[in-house]
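K.L.:
Just dropping this structure here.
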2 protein chains.
Amino acid sequence: MERCDYRDMLESAGVEYTPNRLAVMKIVGNSAHPVSAQEIIQILSGARTMNKVTVYRVLDLLVEKGLIERISSADRSFRYGAGRRASRKPHPHFFCTQCGHMECLDPAGLKLDWQALEESFPGAVDKVEIRVDGTCRNCLDREKDR
Amino acid sequence: MERCDYRDMLESAGVEYTPNRLAVMKIVGNSAHPVSAQEIIQILSGARTMNKVTVYRVLDLLVEKGLIERISSADRSFRYGAGRRASRKPHPHFFCTQCGHMECLDPAGLKLDWQALEESFPGAVDKVEIRVDGTCRNCLDREKDR
DNA sequence: ACATCAATGCAACTGAGTTTCATAATAGAC
DNA sequence: GTCTATTATGAAACTCAGTTGCATTGATGT
C-alpha cells in the first residue's frame, strides 16, 4: 500500500524521476521505522538489480533535498527515515544497541528550546539529533529466556 | 596542569593502573572538548609509543567503567569526553560537519523530559545523546573570507 | 624463581561508505 | 529522426575507523 505519491514528491522537490530513485524513496517512505542502507540494498536485491553505489548516491541526493533524513546510530552506520519534505516533524529516535533496530519516538516529553539553542551558540545550526540508546523489548525478552 | 588525580580516578572506578590507561585518561580529561581516537593516537605519537589497538582497548574500558563518554558524530567516528564518573553532567554536543570539531553545549535551553521519555518507551534506556550539527564559528569565518 | 593472568603490540581483517572511471540512458539541439 | 551533451548507473578498487587473532611482554601471587 502506497502512502503517498512518491513520484510527485520527488519531482516537486526538484529531483528528476528515475525508477531507482522512486524505489529507494518508496522503501524509506513506506517503512514504519528508519532503515539502514544495507536493509535497502537487501530489499532491492529481490525485486530489482541495483548497485549499492547507486543506493548510496540516491540516499545522498534524497537527504540533500530534504525528502529523507539521515540519522546516525551508535554503530557507525546510518539509518534513513522520512524527512521534513515528507511532512515529518522532528522527533527523537530509539536505537537498540543489541539488534541495531531503530524506531521513532514521540516528540512529547521532548521540549527542545531550539531558539535558545541557536542564540546561545556561535555558529550555524543545521539539525538537532536526539537519540536514546538502549535495549528494545524484543531483545530484553530474548535475554530473559536464556 | 592536571585537573584531577586521574590515577586515583582510575583506581576508584575499579580500573587497574597502567601508564597507557593513565595517558589516555589524561588526554580525554584535560581536553576542553571531546576528542577522537585519531587525535589521541596523534597526541600520543609524540610522547609515548602506544599501539592504536591499545588506545581503542583503553577507550572501550574507560567507557565501560563510566570514566569517559563515547559520543557519536555525523562522520561515522566517535569522540570521547569526560564521563559521569568524572562528575560530568549529561549535556548536548555541537558537531561541526565542516571540520569535525566537537564541543560541549550548555544544558540550558534543552529541556529534556527524560522521565517521560523512559516511561513512554518499552525497553531499557542506557543513555540519551543530543547532538547539534552545523558549522562552527571558525568555519563560517573561513567561508566568508573566500 | 615459577606459574598464571592481564596488558600490549603487530598484522591482518571488517564493513559501511566513497572514488574513479567506463558504460548506458535520457534530454536538447539541429 | 539523428547527433551530441548531460546525467544516471554499474563495477572494481579504495578508504578509514574500528576489530580480531595471536604472539609477546609484563605484572601478581605463591
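Residues are referred to by chain and number: the chain letter is A, B, ... according to the order shown in the C-alpha cells, the number counts from 1 in that chain, and ligands are numbered separately from 1 in the order shown.
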Could you pull the residues within 9 Å of DT15 in chain D, counting only C-alpha atoms (C1' of nucleotides), minus those fewer than 3 positions along the same chain, as a PyMOL selection string?
P.N.:
chain C and resi 17-19
K.L.:
Skip Ile68 in chain B itself and residues of its chain fewer than 2 positions away, then list as a ChimeraX atom specification all residues within 9 Å of it, counting only C-alpha atoms (C1' of nucleotides).
P.N.:
/B:25,28-29,59,62-66,70,80-86
K.L.:
Near DA25 in chain C, counting only C-alpha atoms (C1' of nucleotides), which residues have an atom at most 12 Å away, once you skip same-chain residues fewer than 4 positions from it, shown as a VMD selection string?
P.N.:
(chain A and resid 18) or (chain D and resid 6 to 9)
K.L.:
Kindly give the distance, in Å, that separates CA of Gly100 in chain A and CA of Leu67 in chain A, rounded to a single decimal.
P.N.:
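Result for CA of Gly100 in chain A versus CA of Leu67 in chain A: 23.2 Å, one decimal.
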K.L.:
Please identify every residue of chain B that has at least one atom no more than 9 Å from any atom of chain A, counting only C-alpha atoms, and report them as a ChimeraX atom specification.
P.N.:
/B:71-78,94,96,105-106,108-117,120-140
K.L.:
Residues at most 10 Å from range 3-6 of chain C, counting only C-alpha atoms (C1' of nucleotides), excluding those fewer than 4 positions away in the same chain, as a ChimeraX atom specification?
P.N.:
/B:16 /D:26-30
K.L.:
For each of B:Val53, B:Ile40, B:Ala13, B:Ala23, take the minimum atom-to-atom distance to chain C, counting only C-alpha atoms (C1' of nucleotides), then give the residue where this is smallest.
P.N.:
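Nearest to chain C: B:Val53.
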K.L.:
Residues of chain B no more than 12 Å from chain C, counting only C-alpha atoms (C1' of nucleotides): send them over as a compact mmCIF listing (two decimals) with N, CA and C atoms, in the first residue's frame.
P.N.:
# COMPACT_ATOMS: atom_id res chain seq x y z
N VAL B 15 39.59 0.31 37.82
CA VAL B 15 40.46 0.07 36.67
C VAL B 15 41.90 0.03 37.15
N GLU B 16 42.55 -1.11 36.97
CA GLU B 16 43.95 -1.23 37.33
C GLU B 16 44.76 -0.14 36.64
N TYR B 17 45.68 0.44 37.38
CA TYR B 17 46.52 1.47 36.77
C TYR B 17 47.54 0.88 35.82
N THR B 18 47.65 1.51 34.66
CA THR B 18 48.81 1.28 33.79
C THR B 18 49.16 2.63 33.20
N PRO B 19 50.40 2.81 32.80
CA PRO B 19 50.80 4.09 32.21
C PRO B 19 49.95 4.43 30.99
N ASN B 20 49.62 3.42 30.18
CA ASN B 20 48.83 3.68 28.98
C ASN B 20 47.44 4.18 29.34
N ARG B 21 46.83 3.54 30.30
CA ARG B 21 45.48 3.96 30.69
C ARG B 21 45.49 5.36 31.26
N THR B 49 55.24 5.64 22.78
CA THR B 49 54.82 4.76 21.71
C THR B 49 53.70 3.89 22.25
N MET B 50 52.59 3.95 21.58
CA MET B 50 51.42 3.21 22.06
C MET B 50 50.63 2.79 20.84
N ASN B 51 50.43 1.52 20.73
CA ASN B 51 49.72 0.98 19.58
C ASN B 51 48.28 1.45 19.55
N LYS B 52 47.77 1.66 18.32
CA LYS B 52 46.40 2.18 18.21
C LYS B 52 45.39 1.19 18.78
N VAL B 53 45.68 -0.10 18.65
CA VAL B 53 44.77 -1.09 19.22
C VAL B 53 44.65 -0.91 20.72
N THR B 54 45.75 -0.61 21.35
CA THR B 54 45.73 -0.38 22.80
C THR B 54 44.90 0.86 23.11
N VAL B 55 45.05 1.88 22.31
CA VAL B 55 44.25 3.09 22.53
C VAL B 55 42.77 2.74 22.48
N TYR B 56 42.36 2.00 21.46
CA TYR B 56 40.96 1.62 21.34
C TYR B 56 40.51 0.76 22.52
N ARG B 57 41.40 -0.14 22.92
CA ARG B 57 41.02 -1.01 24.04
C ARG B 57 40.88 -0.22 25.33
N VAL B 58 41.78 0.71 25.54
CA VAL B 58 41.69 1.53 26.75
C VAL B 58 40.42 2.38 26.70
N ASP B 75 30.02 11.84 11.32
CA ASP B 75 31.00 11.38 10.32
C ASP B 75 31.47 9.95 10.55
N ARG B 76 30.63 9.14 11.15
CA ARG B 76 30.96 7.73 11.33
C ARG B 76 32.19 7.49 12.20
N SER B 77 32.47 8.40 13.10
CA SER B 77 33.53 8.10 14.07
C SER B 77 33.06 8.63 15.42
K.L.:
Taking the backbone alone, and naming residues the way the document does, which bits of range 85-146 of chain A are helix (DSSP H, G or I) by DSSP, as a PyMOL selection string?
P.N.:
chain A and resi 85-86+114-120+137-145
K.L.:
Restricted to N, CA and C atoms, what would the selected residues look like written as a JSON list (two decimals), in the first residue's frame?
P.N.:
[["chain", "number", "residue", "atom", "x", "y", "z"],
["A", 85, "ARG", "N", 10.50, 17.27, 4.14],
["A", 85, "ARG", "CA", 9.66, 17.46, 2.96],
["A", 85, "ARG", "C", 8.57, 16.41, 2.87],
["A", 86, "ALA", "N", 8.74, 15.34, 3.62],
["A", 86, "ALA", "CA", 7.70, 14.32, 3.65],
["A", 86, "ALA", "C", 6.80, 14.58, 4.85],
["A", 114, "TRP", "N", 14.83, 25.25, 20.73],
["A", 114, "TRP", "CA", 15.69, 25.47, 19.57],
["A", 114, "TRP", "C", 16.17, 26.92, 19.50],
["A", 115, "GLN", "N", 15.24, 27.82, 19.75],
["A", 115, "GLN", "CA", 15.54, 29.25, 19.71],
["A", 115, "GLN", "C", 16.71, 29.59, 20.64],
["A", 116, "ALA", "N", 16.56, 29.21, 21.89],
["A", 116, "ALA", "CA", 17.60, 29.50, 22.89],
["A", 116, "ALA", "C", 18.92, 28.84, 22.47],
["A", 117, "LEU", "N", 18.80, 27.68, 21.89],
["A", 117, "LEU", "CA", 19.98, 26.92, 21.48],
["A", 117, "LEU", "C", 20.74, 27.70, 20.41],
["A", 118, "GLU", "N", 20.01, 28.11, 19.39],
["A", 118, "GLU", "CA", 20.66, 28.82, 18.30],
["A", 118, "GLU", "C", 21.29, 30.12, 18.78],
["A", 119, "GLU", "N", 20.55, 30.81, 19.66],
["A", 119, "GLU", "CA", 21.05, 32.10, 20.13],
["A", 119, "GLU", "C", 22.29, 31.93, 20.99],
["A", 120, "SER", "N", 22.29, 30.90, 21.80],
["A", 120, "SER", "CA", 23.41, 30.70, 22.71],
["A", 120, "SER", "C", 24.62, 30.16, 21.98],
["A", 137, "ARG", "N", 12.43, -3.99, 23.54],
["A", 137, "ARG", "CA", 11.58, -5.01, 24.16],
["A", 137, "ARG", "C", 11.97, -6.43, 23.72],
["A", 138, "ASN", "N", 12.04, -6.60, 22.41],
["A", 138, "ASN", "CA", 12.38, -7.91, 21.84],
["A", 138, "ASN", "C", 13.64, -8.49, 22.45],
["A", 139, "CYS", "N", 14.70, -7.68, 22.43],
["A", 139, "CYS", "CA", 15.99, -8.16, 22.92],
["A", 139, "CYS", "C", 15.94, -8.40, 24.42],
["A", 140, "LEU", "N", 15.20, -7.57, 25.14],
["A", 140, "LEU", "CA", 15.05, -7.79, 26.59],
["A", 140, "LEU", "C", 14.40, -9.14, 26.84],
["A", 141, "ASP", "N", 13.35, -9.44, 26.09],
["A", 141, "ASP", "CA", 12.63, -10.70, 26.26],
["A", 141, "ASP", "C", 13.53, -11.88, 25.93],
["A", 142, "ARG", "N", 14.24, -11.76, 24.83],
["A", 142, "ARG", "CA", 15.12, -12.85, 24.41],
["A", 142, "ARG", "C", 16.18, -13.12, 25.47],
["A", 143, "GLU", "N", 16.67, -12.02, 26.06],
["A", 143, "GLU", "CA", 17.68, -12.13, 27.12],
["A", 143, "GLU", "C", 17.12, -12.91, 28.31],
["A", 144, "LYS", "N", 15.87, -12.56, 28.65],
["A", 144, "LYS", "CA", 15.23, -13.16, 29.81],
["A", 144, "LYS", "C", 15.08, -14.68, 29.64],
["A", 145, "ASP", "N", 14.81, -15.09, 28.39],
["A", 145, "ASP", "CA", 14.59, -16.51, 28.11],
["A", 145, "ASP", "C", 15.81, -17.35, 28.42]]
K.L.:
Can you measure CA of Gln98 in chain A to CA of Ser36 in chain B for me? One decimal in Å is fine.
P.N.:
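A separation of 23.8 Å between them.
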K.L.:
Give as a ChimeraX atom specification every residue of chain D that touches chain B within 12 Å, counting only C-alpha atoms (C1' of nucleotides).
P.N.:
/D:16-20,26-27
K.L.:
Where does DSSP see strand (DSSP E) in range 1-145 of chain A, if you list the residues as a count of residues only?
P.N.:
36
K.L.:
For the atom pair CA of Lys89 in chain B and CA of Glu69 in chain A, what is the interatomic distance in Å to one decimal place?
P.N.:
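For CA of Lys89 in chain B relative to CA of Glu69 in chain A, the distance reads 29.1 Å.
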